[in-house]
Structures are given as C-alpha cells and as structure tokens.
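*Asks:* Have a peek at my_file-v4.csv (CSV, C-alpha atoms).
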```
chain,number,residue,atom,x,y,z
A,1050,MET,CA,-11.3,-303.7,-34.6
A,1051,PHE,CA,-9.2,-300.7,-33.6
A,1052,ALA,CA,-11.8,-298.6,-35.4
A,1053,VAL,CA,-14.4,-299.7,-32.9
A,1054,ALA,CA,-12.1,-298.8,-30.0
A,1055,ALA,CA,-11.4,-295.4,-31.6
A,1056,ALA,CA,-15.1,-294.8,-32.1
A,1057,ALA,CA,-15.8,-295.7,-28.5
A,1058,ILE,CA,-13.1,-293.4,-27.2
A,1059,LEU,CA,-14.4,-290.6,-29.4
A,1060,VAL,CA,-17.9,-291.1,-28.0
A,1061,ALA,CA,-16.5,-291.1,-24.4
A,1062,LEU,CA,-14.5,-287.9,-25.3
A,1063,ALA,CA,-17.7,-286.2,-26.4
A,1064,LEU,CA,-19.4,-287.1,-23.1
A,1065,ALA,CA,-16.5,-286.0,-21.1
A,1066,ILE,CA,-16.4,-282.6,-22.9
A,1067,ALA,CA,-20.1,-282.3,-22.3
A,1068,ARG,CA,-19.4,-282.7,-18.6
A,1069,ALA,CA,-16.6,-280.2,-18.8
A,1070,ILE,CA,-19.0,-277.6,-20.3
A,1071,LEU,CA,-21.9,-278.4,-18.0
A,1072,GLY,CA,-20.0,-279.1,-14.8
A,1073,PRO,CA,-21.4,-276.8,-12.1
A,1074,THR,CA,-18.2,-276.6,-10.0
A,1075,ILE,CA,-14.6,-276.0,-11.1
A,1076,PHE,CA,-13.8,-279.5,-9.8
A,1077,ASP,CA,-16.2,-281.2,-12.2
A,1078,ARG,CA,-14.3,-279.4,-15.0
A,1079,VAL,CA,-10.9,-280.5,-13.7
A,1080,LEU,CA,-12.2,-284.1,-13.4
A,1081,ALA,CA,-13.5,-284.0,-16.9
A,1082,GLY,CA,-10.3,-282.4,-18.1
A,1083,ASN,CA,-8.3,-285.2,-16.5
A,1084,THR,CA,-10.6,-287.8,-18.1
A,1085,VAL,CA,-10.2,-286.1,-21.5
A,1086,GLY,CA,-6.4,-286.4,-21.0
A,1087,THR,CA,-6.7,-290.1,-20.2
A,1088,LEU,CA,-8.9,-290.7,-23.3
A,1089,ALA,CA,-6.6,-288.7,-25.5
A,1090,ILE,CA,-3.7,-290.9,-24.5
A,1091,MET,CA,-5.7,-294.0,-25.3
A,1092,LEU,CA,-6.8,-292.5,-28.6
A,1093,LEU,CA,-3.2,-291.8,-29.5
A,1094,ALA,CA,-2.3,-295.4,-28.8
A,1095,VAL,CA,-5.2,-296.8,-30.7
A,1096,PHE,CA,-4.6,-294.4,-33.6
A,1097,GLY,CA,-1.0,-295.6,-33.7
A,1098,PHE,CA,-2.2,-299.1,-34.1
A,1099,LEU,CA,-4.8,-298.1,-36.6
A,1100,THR,CA,-2.3,-296.5,-38.9
A,1101,GLY,CA,0.5,-299.0,-38.2
A,1102,ARG,CA,2.7,-296.3,-36.7
A,1103,PRO,CA,3.3,-297.2,-33.0
A,1104,GLU,CA,5.5,-294.1,-32.5
A,1105,PHE,CA,2.3,-292.5,-31.3
A,1106,LEU,CA,2.8,-294.4,-28.1
A,1107,ASP,CA,5.8,-292.2,-27.2
A,1108,ILE,CA,3.6,-289.1,-27.5
A,1109,GLY,CA,1.0,-290.9,-25.3
A,1110,LEU,CA,3.5,-291.5,-22.6
A,1111,THR,CA,4.7,-287.9,-22.6
A,1112,TYR,CA,1.1,-286.8,-22.5
A,1113,GLY,CA,0.4,-289.1,-19.6
A,1114,LEU,CA,3.2,-287.5,-17.6
A,1115,LEU,CA,2.1,-284.0,-18.5
A,1116,ASN,CA,-1.5,-284.8,-17.7
A,1117,LEU,CA,-0.7,-285.6,-14.1
A,1118,ILE,CA,1.4,-282.5,-13.6
A,1119,GLY,CA,-1.2,-280.3,-15.3
A,1120,THR,CA,-4.1,-281.6,-13.2
A,1121,LEU,CA,-2.1,-281.3,-10.0
A,1122,ALA,CA,-1.0,-277.8,-10.9
A,1123,VAL,CA,-4.5,-276.6,-11.7
A,1124,LEU,CA,-5.8,-278.1,-8.4
A,1125,LYS,CA,-3.0,-276.5,-6.4
A,1126,PHE,CA,-3.7,-273.2,-8.1
A,1127,PHE,CA,-7.4,-273.2,-7.2
A,1128,ARG,CA,-6.7,-274.3,-3.7
A,1129,HIS,CA,-3.9,-271.8,-2.8
A,1130,GLY,CA,-4.2,-269.1,-5.4
A,1131,ASP,CA,-0.6,-269.7,-6.4
A,1132,LEU,CA,1.7,-272.5,-7.2
A,1133,ALA,CA,4.5,-271.7,-4.8
A,1134,HIS,CA,3.1,-272.0,-1.3
A,1135,ARG,CA,5.0,-273.6,1.5
A,1136,ALA,CA,4.5,-277.3,2.0
A,1137,ASP,CA,4.3,-277.1,5.8
A,1138,THR,CA,1.2,-274.9,5.7
A,1139,GLU,CA,-0.7,-277.8,4.2
A,1140,ARG,CA,-3.5,-279.0,6.5
A,1141,GLY,CA,-4.7,-282.6,6.8
A,1142,SER,CA,-2.9,-284.2,3.9
B,131,MET,CA,-2.7,-320.0,-32.3
B,132,THR,CA,-2.6,-316.7,-34.0
B,133,PHE,CA,-6.4,-316.9,-34.4
B,134,ALA,CA,-6.8,-317.5,-30.6
B,135,LEU,CA,-4.5,-314.5,-29.8
B,136,ASP,CA,-6.5,-312.3,-32.2
B,137,LEU,CA,-9.7,-313.4,-30.7
B,138,ALA,CA,-8.5,-312.7,-27.2
B,139,SER,CA,-7.2,-309.3,-28.2
B,140,TRP,CA,-10.5,-308.4,-29.9
B,141,VAL,CA,-12.4,-309.4,-26.8
B,142,CYS,CA,-10.1,-307.3,-24.6
B,143,ILE,CA,-10.4,-304.3,-26.9
B,144,LEU,CA,-14.2,-304.6,-27.1
B,145,LEU,CA,-14.4,-304.9,-23.3
B,146,GLY,CA,-12.1,-301.9,-22.9
B,147,SER,CA,-14.3,-299.8,-25.3
B,148,PHE,CA,-17.4,-300.8,-23.4
B,149,PHE,CA,-15.9,-299.8,-20.0
B,150,VAL,CA,-14.6,-296.5,-21.5
B,151,VAL,CA,-18.1,-295.6,-22.8
B,152,VAL,CA,-19.7,-296.7,-19.5
B,153,GLY,CA,-17.3,-294.6,-17.5
B,154,ALA,CA,-18.1,-291.5,-19.7
B,155,VAL,CA,-21.8,-292.1,-19.4
B,156,GLY,CA,-21.4,-292.3,-15.6
B,157,LEU,CA,-19.5,-289.0,-15.7
B,158,VAL,CA,-22.5,-287.4,-17.3
B,159,ARG,CA,-25.2,-289.2,-15.3
B,160,MET,CA,-23.9,-289.0,-11.7
B,161,PRO,CA,-25.4,-286.2,-9.7
B,162,GLU,CA,-22.4,-284.6,-8.0
B,163,VAL,CA,-18.7,-284.4,-8.1
B,164,PHE,CA,-17.7,-287.1,-5.6
B,165,THR,CA,-19.9,-289.7,-7.3
B,166,ARG,CA,-18.5,-288.6,-10.7
B,167,MET,CA,-15.0,-289.5,-9.5
B,168,HIS,CA,-16.1,-293.1,-9.1
B,169,ALA,CA,-17.4,-293.2,-12.6
B,170,ALA,CA,-14.1,-291.7,-13.9
B,171,SER,CA,-12.1,-294.3,-12.1
B,172,VAL,CA,-13.8,-297.0,-14.1
B,173,ILE,CA,-12.2,-295.5,-17.2
B,174,ASP,CA,-8.9,-295.2,-15.5
B,175,THR,CA,-8.7,-298.8,-14.4
B,176,LEU,CA,-10.8,-301.3,-16.4
B,177,GLY,CA,-11.2,-299.3,-19.6
B,178,VAL,CA,-7.5,-298.4,-20.0
B,179,GLY,CA,-6.4,-301.8,-18.6
B,180,PHE,CA,-8.4,-303.8,-21.1
B,181,LEU,CA,-7.5,-301.6,-24.1
B,182,VAL,CA,-3.8,-301.8,-23.2
B,183,LEU,CA,-4.1,-305.6,-22.7
B,184,GLY,CA,-5.8,-306.0,-26.1
B,185,MET,CA,-3.2,-303.8,-27.9
B,186,ALA,CA,-0.3,-305.7,-26.2
B,187,LEU,CA,-1.7,-309.0,-27.4
B,188,GLN,CA,-1.8,-307.5,-30.9
B,189,ALA,CA,1.7,-306.3,-30.7
B,190,GLY,CA,3.2,-309.5,-29.4
B,191,LEU,CA,6.5,-309.6,-27.6
B,192,SER,CA,8.1,-306.4,-28.6
B,193,LEU,CA,9.2,-302.9,-27.6
B,194,ILE,CA,5.7,-301.7,-28.1
B,195,THR,CA,4.3,-304.1,-25.5
B,196,LEU,CA,6.9,-302.8,-23.0
B,197,LYS,CA,5.8,-299.3,-23.8
B,198,LEU,CA,2.2,-300.2,-23.3
B,199,LEU,CA,3.0,-301.7,-20.0
B,200,PHE,CA,4.8,-298.6,-18.9
B,201,LEU,CA,1.7,-296.6,-19.9
B,202,LEU,CA,-0.5,-299.0,-17.8
B,203,ALA,CA,1.9,-298.6,-14.8
B,204,LEU,CA,1.7,-294.9,-15.3
B,205,PHE,CA,-2.0,-294.9,-15.0
B,206,VAL,CA,-2.0,-297.3,-12.0
B,207,PHE,CA,0.4,-295.2,-10.1
B,208,THR,CA,-0.8,-291.7,-11.0
B,209,GLY,CA,-4.6,-292.3,-11.1
B,210,PRO,CA,-5.1,-292.5,-7.3
B,211,VAL,CA,-2.9,-289.5,-6.8
B,212,VAL,CA,-5.0,-287.3,-9.0
B,213,THR,CA,-8.3,-288.6,-7.6
B,214,HIS,CA,-7.2,-288.2,-4.1
B,215,ALA,CA,-5.9,-284.6,-4.7
B,216,LEU,CA,-9.2,-283.8,-6.4
B,217,ALA,CA,-11.3,-285.2,-3.6
B,218,GLN,CA,-9.3,-283.4,-1.0
B,219,ALA,CA,-9.4,-280.1,-2.9
B,220,CYS,CA,-13.2,-280.4,-3.1
B,221,LEU,CA,-13.5,-280.9,0.7
B,222,GLN,CA,-11.1,-278.1,1.4
B,223,ASP,CA,-13.2,-275.8,-0.8
B,224,GLY,CA,-16.2,-276.6,1.3
B,225,ILE,CA,-18.2,-278.7,-1.2
B,226,ALA,CA,-20.1,-281.2,1.0
B,227,PRO,CA,-20.6,-284.5,-0.6
B,228,MET,CA,-24.2,-285.6,-1.0
B,229,LEU,CA,-24.6,-288.4,1.5
B,230,ASP,CA,-27.1,-291.2,2.3
B,231,ALA,CA,-25.3,-292.2,5.4
B,232,ASP,CA,-22.4,-290.7,7.3
B,233,ARG,CA,-20.8,-293.4,9.3
B,234,ARG,CA,-17.9,-291.4,10.6
B,235,ALA,CA,-19.3,-290.3,13.9
B,236,ASP,CA,-20.8,-293.8,14.6
B,237,ARG,CA,-17.5,-295.5,13.8
B,238,ALA,CA,-15.6,-293.2,16.1
B,239,ALA,CA,-18.0,-293.8,19.0
B,240,ALA,CA,-17.9,-297.6,18.3
B,241,GLU,CA,-14.1,-297.6,18.4
B,242,GLN,CA,-14.1,-295.7,21.7
B,243,THR,CA,-16.3,-298.3,23.4
B,244,GLU,CA,-14.5,-301.2,21.8
B,245,GLY,CA,-11.1,-300.0,22.8
B,246,ARG,CA,-8.1,-300.7,20.7
B,247,ARG,CA,-8.5,-304.5,20.3
B,248,SER,CA,-8.1,-304.5,16.6
C,473,MET,CA,21.5,-302.4,-3.6
C,474,ARG,CA,18.6,-299.9,-3.7
C,475,TYR,CA,20.7,-297.6,-5.8
C,476,VAL,CA,21.7,-300.3,-8.2
C,477,SER,CA,18.1,-301.3,-8.6
C,478,LEU,CA,16.9,-297.7,-9.2
C,479,THR,CA,19.6,-297.2,-11.8
C,480,ALA,CA,18.6,-300.4,-13.5
C,481,PHE,CA,15.0,-299.3,-13.7
C,482,LEU,CA,15.9,-295.9,-15.1
C,483,TYR,CA,18.2,-297.5,-17.7
C,484,LEU,CA,15.5,-299.9,-18.7
C,485,PHE,CA,13.1,-297.0,-19.1
C,486,TRP,CA,15.7,-295.3,-21.3
C,487,LEU,CA,16.2,-298.4,-23.4
C,488,VAL,CA,12.5,-299.0,-23.9
C,489,LEU,CA,11.8,-295.4,-24.9
C,490,SER,CA,14.8,-295.0,-27.1
C,491,GLY,CA,14.6,-298.1,-29.3
C,492,HIS,CA,17.9,-297.3,-30.9
C,493,TYR,CA,20.9,-299.3,-29.8
C,494,THR,CA,23.9,-297.5,-31.2
C,495,PRO,CA,26.9,-297.5,-28.8
C,496,MET,CA,26.7,-293.8,-28.4
C,497,LEU,CA,23.0,-293.9,-27.2
C,498,VAL,CA,23.5,-296.9,-25.0
C,499,VAL,CA,26.4,-295.3,-23.1
C,500,ALA,CA,24.5,-292.0,-23.0
C,501,GLY,CA,21.6,-293.8,-21.4
C,502,LEU,CA,23.8,-295.3,-18.7
C,503,VAL,CA,25.4,-291.9,-17.9
C,504,CYS,CA,21.9,-290.3,-17.7
C,505,SER,CA,20.7,-293.1,-15.4
C,506,VAL,CA,23.6,-292.5,-13.0
C,507,LEU,CA,23.1,-288.7,-13.1
C,508,CYS,CA,19.4,-289.3,-12.3
C,509,LEU,CA,20.4,-291.6,-9.4
C,510,LEU,CA,22.7,-288.9,-8.0
C,511,ALA,CA,19.9,-286.3,-8.3
C,512,ALA,CA,17.5,-288.7,-6.5
C,513,ILE,CA,20.0,-289.2,-3.7
C,514,ARG,CA,20.5,-285.5,-3.4
C,515,MET,CA,16.7,-285.0,-3.3
C,516,ARG,CA,16.4,-287.8,-0.7
C,517,THR,CA,13.9,-289.6,-2.8
C,518,ALA,CA,16.0,-292.8,-3.3
C,519,ASP,CA,15.0,-294.3,0.1
C,520,GLU,CA,12.6,-297.0,1.1
C,521,GLU,CA,9.7,-294.7,0.4
C,522,GLY,CA,10.7,-293.6,-3.1
C,523,HIS,CA,12.0,-297.0,-4.3
C,524,PRO,CA,10.8,-299.8,-2.0
C,525,ILE,CA,12.7,-302.8,-3.4
C,526,GLU,CA,11.8,-304.8,-0.3
C,527,LEU,CA,8.2,-304.8,-1.5
C,528,PHE,CA,8.8,-306.1,-5.0
C,529,ARG,CA,8.6,-309.7,-4.0
C,530,GLY,CA,5.3,-309.2,-2.3
C,531,ALA,CA,4.0,-307.2,-5.2
C,532,ILE,CA,4.1,-310.3,-7.4
C,533,THR,CA,1.2,-311.7,-5.6
C,534,TYR,CA,-0.4,-308.5,-4.4
C,535,LEU,CA,-0.9,-306.8,-7.8
C,536,PRO,CA,-2.8,-309.6,-9.3
C,537,TRP,CA,-5.0,-309.8,-6.2
C,538,LEU,CA,-5.6,-306.0,-6.5
C,539,ALA,CA,-6.4,-306.4,-10.2
C,540,VAL,CA,-9.1,-308.9,-9.4
C,541,GLU,CA,-10.5,-306.6,-6.7
C,542,ILE,CA,-10.5,-303.7,-9.1
C,543,GLY,CA,-12.3,-305.9,-11.7
C,544,LYS,CA,-15.0,-306.9,-9.2
C,545,SER,CA,-15.7,-303.4,-7.9
C,546,ALA,CA,-15.5,-301.8,-11.4
C,547,TRP,CA,-18.2,-304.3,-12.6
C,548,ALA,CA,-20.3,-303.3,-9.6
C,549,VAL,CA,-20.0,-299.6,-10.4
C,550,THR,CA,-20.7,-300.4,-14.1
C,551,LYS,CA,-24.0,-302.1,-13.1
C,552,ILE,CA,-24.9,-299.0,-11.0
C,553,ILE,CA,-24.1,-296.6,-13.8
C,554,LEU,CA,-26.2,-298.6,-16.3
C,555,HIS,CA,-29.1,-299.1,-13.9
C,556,PRO,CA,-32.0,-297.0,-15.0
C,557,ARG,CA,-32.7,-295.6,-11.5
C,558,LEU,CA,-29.1,-295.0,-10.6
C,559,PRO,CA,-29.2,-296.7,-7.2
C,560,ILE,CA,-26.4,-294.9,-5.4
C,561,SER,CA,-26.1,-294.4,-1.6
C,562,PRO,CA,-23.0,-292.3,-1.1
C,563,THR,CA,-21.4,-292.9,2.3
C,564,MET,CA,-18.6,-291.4,4.3
C,565,THR,CA,-16.7,-293.6,6.7
C,566,VAL,CA,-13.4,-293.8,8.6
C,567,VAL,CA,-11.2,-296.8,8.4
C,568,THR,CA,-8.1,-297.5,10.5
C,569,ALA,CA,-5.0,-298.6,8.6
C,570,THR,CA,-3.1,-301.2,10.6
C,571,GLN,CA,0.1,-301.0,8.6
C,572,ARG,CA,3.3,-300.2,10.4
C,573,THR,CA,5.1,-298.1,7.8
C,574,THR,CA,4.0,-295.0,5.9
C,575,VAL,CA,4.7,-297.0,2.6
C,576,GLY,CA,2.2,-299.6,3.8
C,577,ARG,CA,-0.5,-297.0,4.7
C,578,ALA,CA,0.1,-295.2,1.4
C,579,THR,CA,-0.4,-298.5,-0.4
C,580,TYR,CA,-3.6,-299.1,1.4
C,581,ALA,CA,-4.9,-295.6,0.8
C,582,ASN,CA,-4.0,-295.8,-2.9
C,583,SER,CA,-5.5,-299.3,-3.3
C,584,ILE,CA,-8.8,-298.0,-1.8
C,585,THR,CA,-8.7,-295.1,-4.3
C,586,LEU,CA,-7.8,-297.3,-7.2
C,587,THR,CA,-10.7,-299.6,-6.7
C,588,PRO,CA,-13.7,-297.9,-8.3
C,589,GLY,CA,-16.5,-297.1,-5.9
C,590,THR,CA,-14.3,-296.0,-3.0
C,591,ILE,CA,-12.1,-292.9,-2.7
C,592,THR,CA,-9.7,-292.0,0.1
C,593,VAL,CA,-10.6,-288.4,0.8
C,594,ALA,CA,-8.3,-287.6,3.6
C,595,ALA,CA,-5.5,-289.4,5.5
C,596,ASP,CA,-4.6,-288.4,9.0
C,597,GLY,CA,-2.1,-290.7,10.7
C,598,ASP,CA,-3.7,-294.1,10.5
C,599,LYS,CA,-7.2,-292.8,10.0
C,600,LEU,CA,-8.4,-292.8,6.4
C,601,THR,CA,-11.6,-291.0,5.5
C,602,VAL,CA,-13.3,-292.8,2.7
C,603,HIS,CA,-16.1,-291.8,0.4
C,604,ALA,CA,-18.0,-294.8,-1.0
C,605,LEU,CA,-20.4,-294.8,-3.9
C,606,VAL,CA,-22.7,-297.4,-2.2
C,607,THR,CA,-23.0,-298.3,1.5
C,608,GLU,CA,-21.9,-301.9,0.8
C,609,GLY,CA,-18.5,-300.6,-0.4
C,610,ALA,CA,-18.0,-298.8,3.0
C,611,LEU,CA,-19.1,-301.9,4.9
C,612,ASP,CA,-16.7,-304.1,3.0
C,613,LEU,CA,-13.8,-301.7,3.8
C,614,GLU,CA,-14.8,-301.6,7.5
C,615,ALA,CA,-14.8,-305.4,7.5
C,616,GLY,CA,-11.0,-305.0,6.9
C,617,GLY,CA,-10.3,-307.6,4.2
C,618,MET,CA,-8.2,-305.3,2.1
C,619,ASP,CA,-6.5,-303.9,5.2
C,620,ARG,CA,-5.3,-307.4,6.2
C,621,ARG,CA,-4.2,-308.2,2.7
C,622,VAL,CA,-2.1,-305.0,2.5
C,623,SER,CA,-0.6,-305.8,5.9
C,624,ARG,CA,0.4,-309.2,4.7
C,625,PHE,CA,1.9,-307.6,1.6
C,626,GLU,CA,3.8,-305.2,3.8
C,627,GLY,CA,4.9,-308.0,6.1
C,628,SER,CA,6.4,-309.9,3.2
C,629,ALA,CA,9.3,-307.4,3.1
```
Show the structure stored in the file as structure tokens.
*Replies:*
Amino acid sequence: MFAVAAAAILVALALAIARAILGPTIFDRVLAGNTVGTLAIMLLAVFGFLTGRPEFLDIGLTYGLLNLIGTLAVLKFFRHGDLAHRADTERGS
Amino acid sequence: MTFALDLASWVCILLGSFFVVVGAVGLVRMPEVFTRMHAASVIDTLGVGFLVLGMALQAGLSLITLKLLFLLALFVFTGPVVTHALAQACLQDGIAPMLDADRRADRAAAEQTEGRRS
Amino acid sequence: MRYVSLTAFLYLFWLVLSGHYTPMLVVAGLVCSVLCLLAAIRMRTADEEGHPIELFRGAITYLPWLAVEIGKSAWAVTKIILHPRLPISPTMTVVTATQRTTVGRATYANSITLTPGTITVAADGDKLTVHALVTEGALDLEAGGMDRRVSRFEGSA
C-alpha cells in the first residue's frame, strides 16, 4: 500500500518539476520548488514506512523547517535584492 | 479490529495519493501563477493530511504518530505563510492576476453607502 | 502560566524528537527548554501573539470545524482541476475582518489562505484582499460565515 503512495508522490514530483522547468515567471518556479519540498517530505515519511525504518521522519521534519526558511529567503531575495533589508521599509504587509 | 484499522489506513493513504496527484495535475494545468497556488494548496492540506492520517493509523499509538502529528502541524502553520508571502511577492512584482471579476471597487463603494453597520 | 506552558511544549517537542530517555538526555532537554524560553522572552516572542494559550480551549472546536471546511473547499477545487474545460473564474475581493485582536485577524487571514480556493493576498488593518479561484468562493467569504466563526473562536478566550 505504501508503494502506491510512493508511486503517486513520484508522479506528482515529476509534474511539479515539469512546472518548475516550464514556469514562465520566477514565482511559478518558487511555488513548484516549495511543492517539491512538500512532496519530498511525504516521500521521506512513506519511504520510512516502506522500509520499516521510521527514522526517516526526523529527516522529514528537518526538511520541513528548512523548506519554509528556504522559500521565504528566496522570495525575500527576489523582492528586495538582498536578505538584510529593514523591516520598517516593508509596504502593505 | 486490526483489519478495520488497516482498511481505514489504506483508504486514507489512497485518498491522500489521489489528492497529491490531483494537486500536481492542477499545478501543471492552471493558466497562471495565482490559480496555481490554489492547486498547490490542495497538496498542502488534503494530500498531506490524508497521507499523515493513514500512516498514523498504521503506526498506532507510538512516538512515530506524535512525530507525524508534528509534521502535520508544521504544514498547517507554515503552509499559509509561504502561500501568502508568495502571493504578496507576485503582486509587488507587478504580476497582475488574470481576473474574471474584480469585486474590490464594488465592495468599497457598497460599504460606503451602507455605512459601518456590520 | 504562559511561560510554563511554552516550556512544556518545547520539552514535549524535545522528548518526541529524541526518543532516548536516559537521565542525561532528559535533564539536558529540560535545560534547553528553559534556555529557549529565556531566549523567547528576550526576543519578546513569548507573549499573547507568539504563544496564545488563551485560545487553546477554543481551538479544540475550531480546528475540527476548519478541517471540515478545508475538506469541502479542497473537494470543490479538485472537481475544478479534473473538469475537462477547467471552469475557473478568478476573482479579487476585499473582506473586512471583525476580530478585535491581531491574533484573531491573523487566524482569519491564515484560515482563508489554508482553505484551497481562496488566498489572502494582502492584509491592511482589518481589510483583507482575497484572491478566489471561483467567484462563488469570494461570495462565500463576503457572506461572512467564516469571519463570524473566527470571531466566536477569538471570543472564547
């Protein structure tokens, strides 16, 4: 049963990567990258169950935290050109 | 009893797989970036939710289930942050969403005539 | 009370992730939780915004309700994605958040974003700009059912 889930996630990964390659704007690619991260976490969890080694879940949790930081950092970089702008110059947030 | 649990977890995992694939298909099919975000949020909510639920049912009451629930909570709390940041960054970059109807101006006018009755 | 609760949560997180219960690691976890609490106090994130313990009681009924809403709207989005003609009608609208506190408004905005089919694009005071995949989603939000539910959740504090 976990093999079905793993196969579905792999198919979804392929589609997300296709969007990352096609994506006309940078934001499509960021969105696809974030989705790839989400799917990778689920793949780690499912793979852990598939091989009977649930330690993979810890890696998944770490990846989940890094995925958030990574996506936000990339977005901030493309918006401001650097990562160290002052918070009070932010508009409309 | 174990058979019923197994069956429930299989159903959850199958549903989760289905929603993951549907979200990815939507990611490819949707015409522009804002509508693609809606498709991606199907993966983030129902896809991940059902997969985690199914795996938690398989693991039973153990540390693994708690870890899975942490993973789910992580997605529930960080998903909207990323989506919101992405949408805002798109608007700030001057990407206009493709719209059928823009109800912003209408709503503002309606609220002015209506006053603040709420 | 808030600090105790935050420390308990951090300690629980440590225990769950560690999985080893030797005396050394258990004590080390407690020390690390207290250190994190001190860091959070110094960063001023251990307040009613960073760790809203008042809302935990309301969350017991709010989160299941939100899960059902997410399920319903995700199913609607799924049908749209699988529909051969892709019947989308993207709509922008402005909804007014009636919550008193910033935590309540943030909960509302995040709940909107979390339900597939609607995204909070911008938040300015109590005005939330929302992008909806189909016009019905925007109309539902304008009707204010979710807004009232979040207000009730906030009022339960």
*Asks:* Mind giving me the axis-aligned box for range 561-577 of chain C with 5 Å on every side, centre plus edges in Å to one decimal, as lines of an AutoDock Vina configuration file?
*Replies:*
```
center_x = -10.5
center_y = -296.3
center_z = 4.5
size_x = 41.2
size_y = 19.8
size_z = 22.2
```
*Asks:* What are the residues of chain B lining chain C at 9 Å or less? Count all atoms listed in the file, and put the answer as a VMD selection string.
*Replies:* chain B and resid 149 152 to 153 155 to 156 159 to 160 164 to 165 167 to 172 174 to 176 193 to 194 196 to 197 200 206 to 207 209 to 211 213 to 218 221 227 to 238 248
*Asks:* Report, in Å with one decimal, the straight-line distance from CA of Leu145 in chain B to CA of Ile1118 in chain A.
*Replies:*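 If I compute the distance from CA of Leu145 in chain B to CA of Ile1118 in chain A, I get 29.1 Å.
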*Asks:* Report, in Å to a single decimal, how far apart CA of Gly1130 in chain A and CA of Gly224 in chain B are.
*Replies:*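 Separation of CA of Gly224 in chain B and CA of Gly1130 in chain A: 15.7 Å.
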*Asks:* Expressed in Å to a single decimal, how great is the separation between CA of Pro536 in chain C and CA of Leu202 in chain B?
*Replies:*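 Computed distance, CA of Pro536 in chain C to CA of Leu202 in chain B, equals 13.8 Å.
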*Asks:* Which residues of chain B are close to chain A, meaning at most 7 Å apart when you count all atoms listed in the file, and how do they look as a VMD selection string?
*Replies:* chain B and resid 140 143 to 144 147 150 to 151 154 to 155 157 to 158 163 170 201 208 212 216 219 to 220
*Asks:* Between A:Leu1099, A:Ile1070, A:Ile1108, A:Val1123, which one has atoms that come closest to chain C, using all atoms listed in the file?
*Replies:*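 Going through A:Leu1099, A:Ile1070, A:Ile1108, A:Val1123 one by one, the smallest distance to chain C is for A:Ile1108.
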*Asks:* Rank nothing, just name the residue among C:Val575, C:Met515, C:Trp486, C:Ser505 nearest to chain A, using all atoms listed in the file.
*Replies:*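 Selected residue with least distance to chain A: C:Trp486.
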*Asks:* Nearest residue to chain C out of A:Ala1052, A:Leu1093, A:Gly1086, A:Phe1105, using all atoms listed in the file?
*Replies:*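 Of A:Ala1052, A:Leu1093, A:Gly1086, A:Phe1105, the one nearest chain C is A:Phe1105, counting all atoms listed in the file.
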*Asks:* Go through C:Leu482, C:Cys504, C:Ile532, C:Ala578 one by one, measure the shortest atom-to-atom distance of each to chain A using all atoms listed in the file, and give the residue with the smallest value.
*Replies:*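 Looking only at the distances to chain A, the closest residue turns out to be C:Ala578.
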*Asks:* Please fill the gaps in range 161-173 of chain B so it has N, CA, C and O atoms, and write that as a short mmCIF file (atom, residue, chain, number, x, y, z; two decimals), in the coordinates of the input.
*Replies:*
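Dumped to rebuild-v2.cif:
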```
data_model
loop_
_atom_site.label_atom_id
_atom_site.label_comp_id
_atom_site.auth_asym_id
_atom_site.auth_seq_id
_atom_site.Cartn_x
_atom_site.Cartn_y
_atom_site.Cartn_z
N PRO B 161 -24.86 -287.50 -10.07
CA PRO B 161 -25.40 -286.20 -9.70
C PRO B 161 -24.43 -285.20 -9.11
O PRO B 161 -24.71 -284.02 -9.21
N GLU B 162 -23.31 -285.60 -8.54
CA GLU B 162 -22.40 -284.60 -8.00
C GLU B 162 -20.97 -285.04 -8.09
O GLU B 162 -20.69 -286.17 -8.47
N VAL B 163 -20.05 -284.16 -7.69
CA VAL B 163 -18.70 -284.40 -8.10
C VAL B 163 -18.03 -285.60 -7.50
O VAL B 163 -17.29 -286.32 -8.17
N PHE B 164 -18.36 -285.94 -6.25
CA PHE B 164 -17.70 -287.10 -5.60
C PHE B 164 -18.14 -288.40 -6.35
O PHE B 164 -17.30 -289.28 -6.61
N THR B 165 -19.42 -288.51 -6.66
CA THR B 165 -19.90 -289.70 -7.30
C THR B 165 -19.34 -289.79 -8.76
O THR B 165 -19.12 -290.87 -9.30
N ARG B 166 -19.09 -288.60 -9.37
CA ARG B 166 -18.50 -288.60 -10.70
C ARG B 166 -17.11 -289.17 -10.72
O ARG B 166 -16.69 -289.80 -11.69
N MET B 167 -16.39 -288.92 -9.61
CA MET B 167 -15.00 -289.50 -9.50
C MET B 167 -15.04 -290.99 -9.63
O MET B 167 -14.17 -291.59 -10.24
N HIS B 168 -16.04 -291.61 -8.99
CA HIS B 168 -16.10 -293.10 -9.10
C HIS B 168 -16.30 -293.53 -10.49
O HIS B 168 -15.69 -294.52 -10.92
N ALA B 169 -17.15 -292.81 -11.24
CA ALA B 169 -17.40 -293.20 -12.60
C ALA B 169 -16.08 -293.01 -13.44
O ALA B 169 -15.72 -293.86 -14.25
N ALA B 170 -15.36 -291.91 -13.18
CA ALA B 170 -14.10 -291.70 -13.90
C ALA B 170 -13.09 -292.74 -13.64
O ALA B 170 -12.29 -293.09 -14.51
N SER B 171 -13.12 -293.29 -12.42
CA SER B 171 -12.10 -294.30 -12.10
C SER B 171 -12.36 -295.61 -12.81
O SER B 171 -11.45 -296.42 -12.93
N VAL B 172 -13.59 -295.82 -13.29
CA VAL B 172 -13.80 -297.00 -14.10
C VAL B 172 -13.03 -296.89 -15.42
O VAL B 172 -12.41 -297.86 -15.89
N ILE B 173 -13.03 -295.68 -16.02
CA ILE B 173 -12.20 -295.50 -17.20
C ILE B 173 -10.75 -295.70 -16.92
O ILE B 173 -10.04 -296.37 -17.66
#
```
